[in-house]
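Okay, upload10.cif now, which holds mmCIF, C-alpha atoms (C1' of nucleotides):
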```
data_my_file
loop_
_atom_site.group_PDB
_atom_site.id
_atom_site.type_symbol
_atom_site.label_atom_id
_atom_site.label_comp_id
_atom_site.auth_asym_id
_atom_site.auth_seq_id
_atom_site.Cartn_x
_atom_site.Cartn_y
_atom_site.Cartn_z
ATOM 1 C CA MET T 176 1.046 142.111 -35.165
ATOM 2 C CA PRO T 177 -0.373 139.291 -37.080
ATOM 3 C CA GLU T 178 -1.359 138.540 -40.595
ATOM 4 C CA LEU T 179 -2.669 135.150 -41.642
ATOM 5 C CA PRO T 180 0.595 133.206 -41.142
ATOM 6 C CA GLU T 181 1.008 134.509 -37.597
ATOM 7 C CA VAL T 182 -2.617 133.720 -36.732
ATOM 8 C CA GLU T 183 -2.288 130.253 -38.243
ATOM 9 C CA THR T 184 0.952 129.705 -36.312
ATOM 10 C CA THR T 185 -0.922 130.704 -33.159
ATOM 11 C CA ARG T 186 -3.806 128.365 -34.025
ATOM 12 C CA ARG T 187 -1.478 125.422 -34.481
ATOM 13 C CA GLY T 188 0.302 126.275 -31.262
ATOM 14 C CA ILE T 189 -2.708 126.551 -29.005
ATOM 15 C CA ALA T 190 -4.861 123.787 -30.524
ATOM 16 C CA PRO T 191 -3.066 120.919 -28.764
ATOM 17 C CA LEU T 192 -3.017 122.891 -25.516
ATOM 18 C CA VAL T 193 -6.745 123.595 -25.262
ATOM 19 C CA THR T 194 -8.632 121.076 -27.406
ATOM 20 C CA GLY T 195 -10.731 118.767 -25.284
ATOM 21 C CA LYS T 196 -10.200 120.810 -22.151
ATOM 22 C CA THR T 197 -12.944 122.294 -19.991
ATOM 23 C CA ILE T 198 -12.865 125.896 -18.853
ATOM 24 C CA ALA T 199 -12.787 126.238 -15.072
ATOM 25 C CA ARG T 200 -12.314 129.973 -14.631
ATOM 26 C CA VAL T 201 -11.981 133.095 -16.769
ATOM 27 C CA VAL T 202 -10.125 136.150 -15.512
ATOM 28 C CA VAL T 203 -10.750 139.402 -17.370
ATOM 29 C CA ARG T 204 -8.383 142.023 -15.981
ATOM 30 C CA VAL T 205 -8.846 144.579 -18.752
ATOM 31 C CA PRO T 206 -12.143 144.421 -20.673
ATOM 32 C CA SER T 207 -11.491 147.498 -22.824
ATOM 33 C CA LEU T 208 -10.237 145.872 -26.014
ATOM 34 C CA ARG T 209 -11.237 146.842 -29.588
ATOM 35 C CA TRP T 210 -14.761 146.122 -28.411
ATOM 36 C CA PRO T 211 -15.638 145.684 -24.762
ATOM 37 C CA VAL T 212 -15.208 142.105 -23.609
ATOM 38 C CA PRO T 213 -18.760 140.922 -22.812
ATOM 39 C CA ALA T 214 -19.434 141.435 -19.119
ATOM 40 C CA ASP T 215 -20.850 137.924 -18.798
ATOM 41 C CA LEU T 216 -18.050 136.221 -20.769
ATOM 42 C CA ALA T 217 -16.744 134.379 -17.717
ATOM 43 C CA ARG T 218 -20.192 133.122 -16.750
ATOM 44 C CA THR T 219 -20.784 132.022 -20.352
ATOM 45 C CA LEU T 220 -17.500 130.151 -20.725
ATOM 46 C CA VAL T 221 -17.114 128.348 -17.418
ATOM 47 C CA GLY T 222 -18.012 124.700 -17.818
ATOM 48 C CA GLN T 223 -17.665 124.721 -21.587
ATOM 49 C CA THR T 224 -15.362 122.313 -23.349
ATOM 50 C CA VAL T 225 -13.154 123.469 -26.221
ATOM 51 C CA LEU T 226 -13.898 121.148 -29.129
ATOM 52 C CA ALA T 227 -11.585 122.661 -31.759
ATOM 53 C CA VAL T 228 -9.465 125.691 -32.588
ATOM 54 C CA GLU T 229 -10.309 127.050 -36.025
ATOM 55 C CA ARG T 230 -9.272 130.075 -38.036
ATOM 56 C CA ARG T 231 -11.228 132.305 -40.391
ATOM 57 C CA ALA T 232 -9.181 135.108 -41.963
ATOM 58 C CA LYS T 233 -7.219 136.656 -39.075
ATOM 59 C CA TYR T 234 -9.780 135.534 -36.495
ATOM 60 C CA LEU T 235 -9.255 132.558 -34.187
ATOM 61 C CA LEU T 236 -12.414 130.619 -33.411
ATOM 62 C CA LEU T 237 -12.504 128.442 -30.308
ATOM 63 C CA ARG T 238 -15.345 126.055 -30.981
ATOM 64 C CA CYS T 239 -16.882 125.317 -27.605
ATOM 65 C CA SER T 240 -19.723 123.086 -26.533
ATOM 66 C CA GLY T 241 -22.216 125.982 -26.564
ATOM 67 C CA GLY T 242 -20.874 128.413 -29.156
ATOM 68 C CA HIS T 243 -17.719 130.067 -30.425
ATOM 69 C CA LEU T 244 -15.194 132.320 -28.761
ATOM 70 C CA ILE T 245 -14.032 134.762 -31.458
ATOM 71 C CA ILE T 246 -10.520 136.085 -30.876
ATOM 72 C CA HIS T 247 -8.651 138.690 -32.897
ATOM 73 C CA LEU T 248 -5.026 139.455 -32.045
ATOM 74 C CA GLY T 249 -5.201 142.999 -33.400
ATOM 75 C CA MET T 250 -1.775 144.479 -33.931
ATOM 76 C CA THR T 251 0.093 143.279 -30.846
ATOM 77 C CA GLY T 252 -1.931 140.462 -29.301
ATOM 78 C CA HIS T 253 -0.653 136.994 -28.494
ATOM 79 C CA LEU T 254 -1.815 133.886 -26.659
ATOM 80 C CA ARG T 255 0.564 131.918 -24.487
ATOM 81 C CA PRO T 256 0.253 129.096 -22.011
ATOM 82 C CA VAL T 257 1.096 129.912 -18.407
ATOM 83 C CA LEU T 258 0.611 128.089 -15.135
ATOM 84 C CA ALA T 259 -2.758 128.951 -13.617
ATOM 85 C CA GLY T 260 -2.234 131.670 -11.036
ATOM 86 C CA ALA T 261 1.075 132.835 -12.497
ATOM 87 C CA PRO T 262 1.533 136.519 -11.667
ATOM 88 C CA ALA T 263 0.098 138.736 -14.388
ATOM 89 C CA ARG T 264 2.371 141.178 -16.106
ATOM 90 C CA LYS T 265 1.436 144.449 -17.705
ATOM 91 C CA HIS T 266 -1.014 143.979 -20.605
ATOM 92 C CA ASP T 267 -1.940 140.416 -19.583
ATOM 93 C CA HIS T 268 -5.646 141.107 -20.098
ATOM 94 C CA ILE T 269 -7.431 137.745 -20.098
ATOM 95 C CA ASP T 270 -6.792 134.251 -18.713
ATOM 96 C CA LEU T 271 -8.651 131.099 -19.698
ATOM 97 C CA GLU T 272 -8.043 128.557 -16.931
ATOM 98 C CA PHE T 273 -8.827 124.902 -17.518
ATOM 99 C CA THR T 274 -9.843 122.177 -15.126
ATOM 100 C CA ASP T 275 -6.462 120.449 -15.515
ATOM 101 C CA GLY T 276 -4.667 123.499 -14.090
ATOM 102 C CA SER T 277 -3.384 124.819 -17.414
ATOM 103 C CA CYS T 278 -4.061 128.376 -18.519
ATOM 104 C CA LEU T 279 -4.084 130.301 -21.777
ATOM 105 C CA ARG T 280 -3.198 133.980 -21.362
ATOM 106 C CA PHE T 281 -3.997 136.852 -23.740
ATOM 107 C CA HIS T 282 -1.473 139.683 -23.806
ATOM 108 C CA ASP T 283 -2.042 142.782 -25.957
ATOM 109 C CA PRO T 284 -0.300 146.119 -25.281
ATOM 110 C CA ARG T 285 -2.216 148.158 -27.839
ATOM 111 C CA ARG T 286 -5.580 146.541 -27.101
ATOM 112 C CA PHE T 287 -6.651 146.411 -30.747
ATOM 113 C CA GLY T 288 -7.527 142.760 -30.205
ATOM 114 C CA ALA T 289 -10.949 141.301 -29.482
ATOM 115 C CA PHE T 290 -12.579 138.590 -27.363
ATOM 116 C CA LEU T 291 -16.198 138.021 -28.366
ATOM 117 C CA TRP T 292 -18.713 135.250 -27.900
ATOM 118 C CA THR T 293 -21.392 133.988 -30.247
ATOM 119 C CA PRO T 294 -23.790 131.101 -29.684
ATOM 120 C CA ASP T 295 -24.612 131.130 -33.404
ATOM 121 C CA ASP T 296 -22.709 130.264 -36.570
ATOM 122 C CA PRO T 297 -19.586 132.441 -36.196
ATOM 123 C CA HIS T 298 -19.325 132.870 -39.947
ATOM 124 C CA LEU T 299 -22.583 134.822 -39.815
ATOM 125 C CA HIS T 300 -21.246 137.169 -37.131
ATOM 126 C CA PRO T 301 -21.195 140.786 -38.401
ATOM 127 C CA LEU T 302 -17.396 140.884 -38.189
ATOM 128 C CA LEU T 303 -16.994 137.742 -40.311
ATOM 129 C CA VAL T 304 -19.935 137.669 -42.665
ATOM 130 C CA GLU T 305 -18.519 140.109 -45.227
ATOM 131 C CA LEU T 306 -15.085 138.487 -45.417
ATOM 132 C CA GLY T 307 -13.760 137.365 -48.780
ATOM 133 C CA PRO T 308 -12.422 133.887 -49.563
ATOM 134 C CA GLU T 309 -9.437 132.328 -47.849
ATOM 135 C CA PRO T 310 -6.279 132.709 -49.961
ATOM 136 C CA PHE T 311 -5.972 128.918 -50.256
ATOM 137 C CA ALA T 312 -9.574 128.404 -51.357
ATOM 138 C CA VAL T 313 -9.894 126.975 -54.867
ATOM 139 C CA GLU T 314 -12.098 129.864 -55.975
ATOM 140 C CA MET T 315 -9.448 132.428 -54.978
ATOM 141 C CA ASP T 316 -7.566 132.366 -58.244
ATOM 142 C CA GLY T 317 -6.371 134.873 -60.823
ATOM 143 C CA ALA T 318 -9.736 134.992 -62.537
ATOM 144 C CA TYR T 319 -11.425 135.808 -59.235
ATOM 145 C CA LEU T 320 -9.030 138.676 -58.435
ATOM 146 C CA HIS T 321 -9.294 139.953 -61.991
ATOM 147 C CA ARG T 322 -13.087 139.951 -61.845
ATOM 148 C CA ARG T 323 -13.230 141.621 -58.420
ATOM 149 C CA SER T 324 -10.785 144.326 -59.483
ATOM 150 C CA ARG T 325 -12.672 145.573 -62.532
ATOM 151 C CA ARG T 326 -13.594 149.247 -62.269
ATOM 152 C CA ARG T 327 -11.479 149.553 -59.137
ATOM 153 C CA ARG T 328 -9.348 152.645 -59.402
ATOM 154 C CA ALA T 329 -7.417 152.182 -56.171
ATOM 155 C CA ALA T 330 -3.881 150.797 -56.135
ATOM 156 C CA VAL T 331 -3.462 147.032 -56.233
ATOM 157 C CA LYS T 332 -1.776 146.898 -52.820
ATOM 158 C CA PRO T 333 -4.739 148.228 -50.817
ATOM 159 C CA PHE T 334 -6.970 146.140 -53.101
ATOM 160 C CA ILE T 335 -5.371 142.842 -51.997
ATOM 161 C CA MET T 336 -5.333 144.050 -48.380
ATOM 162 C CA ASP T 337 -9.113 144.540 -48.541
ATOM 163 C CA GLN T 338 -10.417 141.663 -46.394
ATOM 164 C CA SER T 339 -13.691 141.616 -48.332
ATOM 165 C CA VAL T 340 -11.689 140.741 -51.480
ATOM 166 C CA VAL T 341 -9.349 138.111 -50.032
ATOM 167 C CA VAL T 342 -8.516 137.580 -46.380
ATOM 168 C CA GLY T 343 -5.278 137.260 -44.503
ATOM 169 C CA ILE T 344 -2.981 139.633 -46.367
ATOM 170 C CA GLY T 345 -1.665 142.513 -44.297
ATOM 171 C CA ASN T 346 0.976 145.119 -44.857
ATOM 172 C CA ILE T 347 4.009 142.826 -44.877
ATOM 173 C CA TYR T 348 2.746 140.077 -47.147
ATOM 174 C CA ALA T 349 1.110 142.543 -49.543
ATOM 175 C CA SER T 350 4.522 144.025 -50.373
ATOM 176 C CA GLU T 351 6.083 140.558 -50.536
ATOM 177 C CA ALA T 352 3.434 139.035 -52.809
ATOM 178 C CA LEU T 353 3.541 141.986 -55.208
ATOM 179 C CA PHE T 354 7.325 141.761 -55.404
ATOM 180 C CA ARG T 355 7.160 138.053 -56.181
ATOM 181 C CA ALA T 356 4.541 138.738 -58.840
ATOM 182 C CA GLY T 357 6.518 141.590 -60.421
ATOM 183 C CA ILE T 358 3.654 144.035 -59.944
ATOM 184 C CA HIS T 359 4.159 147.612 -58.777
ATOM 185 C CA PRO T 360 2.165 148.190 -55.582
ATOM 186 C CA GLY T 361 0.837 151.475 -56.936
ATOM 187 C CA ALA T 362 -0.555 149.941 -60.133
ATOM 188 C CA GLU T 363 -4.259 150.637 -60.599
ATOM 189 C CA ALA T 364 -6.077 147.444 -59.586
ATOM 190 C CA GLY T 365 -8.668 147.693 -62.337
ATOM 191 C CA ARG T 366 -6.086 147.982 -65.121
ATOM 192 C CA LEU T 367 -4.045 144.837 -64.478
ATOM 193 C CA SER T 368 -4.486 141.955 -66.905
ATOM 194 C CA LEU T 369 -5.742 138.462 -66.138
ATOM 195 C CA PRO T 370 -2.287 136.864 -66.558
ATOM 196 C CA ARG T 371 -0.842 139.305 -64.050
ATOM 197 C CA TYR T 372 -3.589 138.458 -61.556
ATOM 198 C CA GLU T 373 -2.913 134.770 -62.128
ATOM 199 C CA ARG T 374 0.701 135.389 -61.213
ATOM 200 C CA LEU T 375 -0.377 137.461 -58.208
ATOM 201 C CA ALA T 376 -2.765 134.793 -56.905
ATOM 202 C CA TRP T 377 0.051 132.273 -57.137
ATOM 203 C CA ALA T 378 2.477 134.656 -55.380
ATOM 204 C CA ILE T 379 0.005 135.291 -52.548
ATOM 205 C CA ARG T 380 -0.385 131.585 -51.876
ATOM 206 C CA GLU T 381 3.338 130.961 -52.141
ATOM 207 C CA VAL T 382 4.391 133.697 -49.738
ATOM 208 C CA LEU T 383 1.719 132.839 -47.171
ATOM 209 C CA ASP T 384 2.519 129.142 -47.429
ATOM 210 C CA GLN T 385 6.233 129.721 -46.939
ATOM 211 C CA ALA T 386 5.573 132.112 -44.047
ATOM 212 C CA ILE T 387 3.381 129.567 -42.276
ATOM 213 C CA ALA T 388 6.090 126.943 -42.770
ATOM 214 C CA ALA T 389 8.591 129.322 -41.151
ATOM 215 C CA GLY T 390 6.310 130.003 -38.187
ATOM 216 C CA GLY T 391 5.342 133.519 -39.276
ATOM 217 C CA THR T 392 7.267 136.770 -39.339
ATOM 218 C CA THR T 393 8.747 138.449 -36.303
ATOM 219 C CA ILE T 394 9.496 142.131 -36.848
ATOM 220 C CA ARG T 395 9.366 143.361 -33.292
ATOM 221 C CA ASP T 396 7.315 141.240 -30.963
ATOM 222 C CA PHE T 397 5.432 138.400 -32.596
ATOM 223 C CA ALA T 398 6.135 135.115 -30.867
ATOM 224 C CA ASN T 399 4.557 131.730 -31.207
ATOM 225 C CA THR T 400 3.002 129.738 -28.420
ATOM 226 C CA GLU T 401 6.382 128.540 -27.199
ATOM 227 C CA GLY T 402 7.638 132.120 -27.065
ATOM 228 C CA ASN T 403 9.857 131.680 -30.097
ATOM 229 C CA PRO T 404 9.980 134.171 -32.959
ATOM 230 C CA GLY T 405 8.819 133.399 -36.502
ATOM 231 C CA TYR T 406 11.663 133.033 -38.931
ATOM 232 C CA PHE T 407 10.064 134.294 -42.129
ATOM 233 C CA ALA T 408 11.642 137.723 -41.516
ATOM 234 C CA LEU T 409 14.798 136.131 -42.931
ATOM 235 C CA GLN T 410 12.968 135.418 -46.172
ATOM 236 C CA LEU T 411 11.409 138.850 -46.604
ATOM 237 C CA GLN T 412 12.658 140.168 -49.928
ATOM 238 C CA VAL T 413 11.520 143.793 -49.782
ATOM 239 C CA TYR T 414 9.563 144.559 -46.587
ATOM 240 C CA GLY T 415 11.601 146.705 -44.227
ATOM 241 C CA ARG T 416 14.576 146.649 -46.592
ATOM 242 C CA GLU T 417 14.637 150.227 -47.836
ATOM 243 C CA GLY T 418 17.982 150.981 -49.479
ATOM 244 C CA GLU T 419 19.103 147.350 -49.466
ATOM 245 C CA THR T 420 19.660 145.694 -52.812
ATOM 246 C CA CYS T 421 16.884 143.957 -54.691
ATOM 247 C CA PRO T 422 17.517 140.192 -54.664
ATOM 248 C CA HIS T 423 16.810 140.084 -58.407
ATOM 249 C CA CYS T 424 18.507 143.135 -59.889
ATOM 250 C CA ASP T 425 20.696 144.591 -57.117
ATOM 251 C CA ARG T 426 19.098 148.014 -57.430
ATOM 252 C CA PRO T 427 18.063 149.695 -54.152
ATOM 253 C CA ILE T 428 14.650 148.857 -52.723
ATOM 254 C CA LYS T 429 12.364 151.834 -52.467
ATOM 255 C CA THR T 430 9.648 152.775 -50.007
ATOM 256 C CA GLU T 431 6.662 155.052 -50.128
ATOM 257 C CA ARG T 432 3.414 155.419 -48.288
ATOM 258 C CA LEU T 433 0.406 153.960 -50.021
ATOM 259 C CA GLY T 434 -2.996 154.143 -48.420
ATOM 260 C CA GLY T 435 -1.311 155.363 -45.263
ATOM 261 C CA ARG T 436 0.909 152.278 -44.993
ATOM 262 C CA SER T 437 4.622 151.821 -45.594
ATOM 263 C CA THR T 438 5.169 150.043 -48.889
ATOM 264 C CA TYR T 439 8.366 148.462 -50.165
ATOM 265 C CA TYR T 440 9.141 147.563 -53.763
ATOM 266 C CA CYS T 441 11.727 147.458 -56.534
ATOM 267 C CA SER T 442 10.933 150.012 -59.212
ATOM 268 C CA HIS T 443 12.888 148.001 -61.776
ATOM 269 C CA CYS T 444 11.412 144.540 -61.158
ATOM 270 C CA GLN T 445 7.860 145.667 -60.429
ATOM 271 C CA LYS T 446 5.895 147.305 -63.243
ATOM 272 C CA LYS T 447 2.616 149.167 -63.309
ATOM 273 C "C1'" DA C 24 -20.067 151.239 -54.236
ATOM 274 C "C1'" DG C 25 -15.508 152.454 -53.724
ATOM 275 C "C1'" DT C 26 -12.077 155.365 -51.603
ATOM 276 C "C1'" DG C 27 -9.425 157.821 -48.166
ATOM 277 C "C1'" DC C 28 -8.861 159.188 -43.740
ATOM 278 C "C1'" DG C 29 -9.294 159.573 -38.533
ATOM 279 C "C1'" DG C 30 -9.269 157.067 -34.645
ATOM 280 C "C1'" DC C 31 -8.516 153.452 -31.411
ATOM 281 C "C1'" DC C 32 -4.007 152.264 -27.911
ATOM 282 C "C1'" DT C 33 0.932 151.644 -26.097
ATOM 283 C "C1'" DG C 34 5.739 151.363 -26.984
ATOM 284 C "C1'" DT C 35 9.815 152.584 -29.387
ATOM 285 C "C1'" DC C 36 12.805 155.163 -31.954
ATOM 286 C "C1'" DC C 37 14.696 159.294 -34.006
ATOM 287 C "C1'" DG C 38 15.825 164.137 -34.394
ATOM 288 C "C1'" DC C 39 16.323 168.222 -31.921
ATOM 289 C "C1'" DT F 176 18.579 163.429 -20.704
ATOM 290 C "C1'" DG F 177 14.120 165.098 -22.111
ATOM 291 C "C1'" DC F 178 10.501 165.886 -25.380
ATOM 292 C "C1'" DG F 179 7.572 165.903 -29.451
ATOM 293 C "C1'" DG F 180 6.376 163.521 -33.389
ATOM 294 C "C1'" DA F 181 6.256 159.673 -36.397
ATOM 295 C "C1'" DC F 182 5.601 155.071 -36.811
ATOM 296 C "C1'" DA F 183 4.231 150.021 -35.860
ATOM 297 C "C1'" DG F 184 2.041 143.483 -38.453
ATOM 298 C "C1'" DG F 185 -5.478 145.811 -38.108
ATOM 299 C "C1'" DC F 186 -9.668 147.444 -39.192
ATOM 300 C "C1'" DC F 187 -14.051 149.944 -38.107
ATOM 301 C "C1'" DG F 188 -16.831 153.953 -39.059
ATOM 302 C "C1'" DC F 189 -17.404 157.894 -41.288
ATOM 303 C "C1'" DA F 190 -17.462 161.440 -44.782
ATOM 304 C "C1'" DC F 191 -17.317 162.154 -49.750
#
```
Before anything else, please render the file you have as structure tokens.
Amino acid sequence: MPELPEVETTRRGIAPLVTGKTIARVVVRVPSLRWPVPADLARTLVGQTVLAVERRAKYLLLRCSGGHLIIHLGMTGHLRPVLAGAPARKHDHIDLEFTDGSCLRFHDPRRFGAFLWTPDDPHLHPLLVELGPEPFAVEMDGAYLHRRSRRRRAAVKPFIMDQSVVVGIGNIYASEALFRAGIHPGAEAGRLSLPRYERLAWAIREVLDQAIAAGGTTIRDFANTEGNPGYFALQLQVYGREGETCPHCDRPIKTERLGGRSTYYCSHCQKK
DNA sequence: AGTGCGGCCTGTCCGC
DNA sequence: TGCGGACAGGCCGCAC
């Protein structure tokens, strides 16, 4: 499901619901997620207070009194508030119940998500330690992308989706950022000039910023904490629009598979 | 070191 | 109406 804007939308939604609350009970109905949910997760969490809800890349970090709960939404995961004890539906895998009677419920049909615990600095966790800079970090600029791309022979689209290069960009926003930057997704990453990477860095920030402002993108099932869809789908210019007209030149938008992923672009407006 | 692919899962849709 | 296959917003682990 989620790329950075959807995770950030989730973070903003759950933060006011859980910050300052103390965990009373944890129900793990299905522990077989991307990695097994730790068998002692409930024992670890009960009695802990949630101090803050943070985000690193596409990971949510619940900063607790004794460590961090690391949550990844995978492809189809979401977190929603329910009343404690509300009947669980299919794929409602984990509940975090708080002492005030509120409950945060994790739902994830494909089970590519993750619930992990670390008592240490979460940024040093093996899953997080190799991550690249946040797209809004000052050092993530055109010069940075240009430098990191040298001698890379892969296409620029998988290059910007590489979370060790820059985090948060998934399949939707990669196509969108490249369209806004006028760069063909199949262009060889190592051959693009510095000015083109400067334009790309700007486009990445712009599209992610606008998507966050719109509450993320709902293609099939993403919903925010209130159960509402994200409205950035209305602002997608190429993703999912095969055969529709390019908003700039009116020629039909094309699609092809790149690195195993559907890719959308305008062959007239985007150059290699 | 960088690259490409299989695999993890369920649900949905499309063509036959 | 049923069925097989492809595909879906992520990403690890493995061969090369």
- Message: What would the selection look like, as JSON, numbers by chain, if the PyMOL selection byres ((chain F) within 9 of (chain T)) were run on the coordinates I just shared?
- Response: {"F": [183, 184, 185, 186]}
- Message: Counting all atoms listed in the file, a student should be able to say which residues of chain T come within 9 Å of chain C; what is the right answer, written as number ranges by chain?
- Response: T: 209, 284-287, 327-329, 434-435
- Please, what distance in Å, to one decimal, runs between CA of Arg231 (chain T) and CA of Gly343 (chain T)?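 Interatomic distance, CA of Arg231 (chain T) to CA of Gly343 (chain T): 8.8 Å.
Coordinates place CA of Trp292 (chain T) at a distance of 10.1 Å from CA of Cys239 (chain T).
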- Query: Which neighbours of Ser442 (chain T) fall inside 10 Å, counting only C-alpha atoms (C1' of nucleotides), when residues of the same chain fewer than 6 positions from it are skipped, and could you give them as a ChimeraX atom specification?
  - Reply: /T:354,357-360,421,426-430
First collect every listed atom of region 307-325 of chain T; then fit an axis-aligned box around them, widen it by 8 Å on each side, and give centre and edge lengths in Å to one decimal, as JSON.
```
{"center_x": -9.9, "center_y": 136.3, "center_z": -55.2, "size_x": 23.8, "size_y": 34.6, "size_z": 30.7}
```
- Query: CA of Glu351 (chain T) to CA of Pro404 (chain T): how many Å, to one decimal?
  - Reply: 19.1 Å
- Query: Neighbours of Ser368 (chain T) within 12 Å (all atoms listed in the file; same-chain residues fewer than 4 positions away dropped), as an MDAnalysis selection string?
  - Reply: chainID T and resid 317:318 320:322 324:325 331 358 362:364 372:375 447
- Task: Please work out which residues fall within 12 Å of (-8.4, 132.3, -38.7), coordinates as given in the file, with only C-alpha atoms (C1' of nucleotides) counting, and return them as a PyMOL selection string.
- Result: chain T and resi 177-187+228-237+245-248+297-298+303+306+308-310+342-344
- Task: Could you tell me which residues the PyMOL selection byres ((chain T and resi 274) around 9) grabs in this file, written as a PyMOL selection string?
- Result: chain T and resi 196-200+222+272-273+275-277
- Message: Ranking T:Cys441, T:Val382, T:Ala398, T:Leu220 by minimum distance to Gly418 (chain T) and counting all atoms listed in the file, which one comes first?
- Response: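 Counting all atoms listed in the file, the residue closest to Gly418 (chain T) is T:Cys441.
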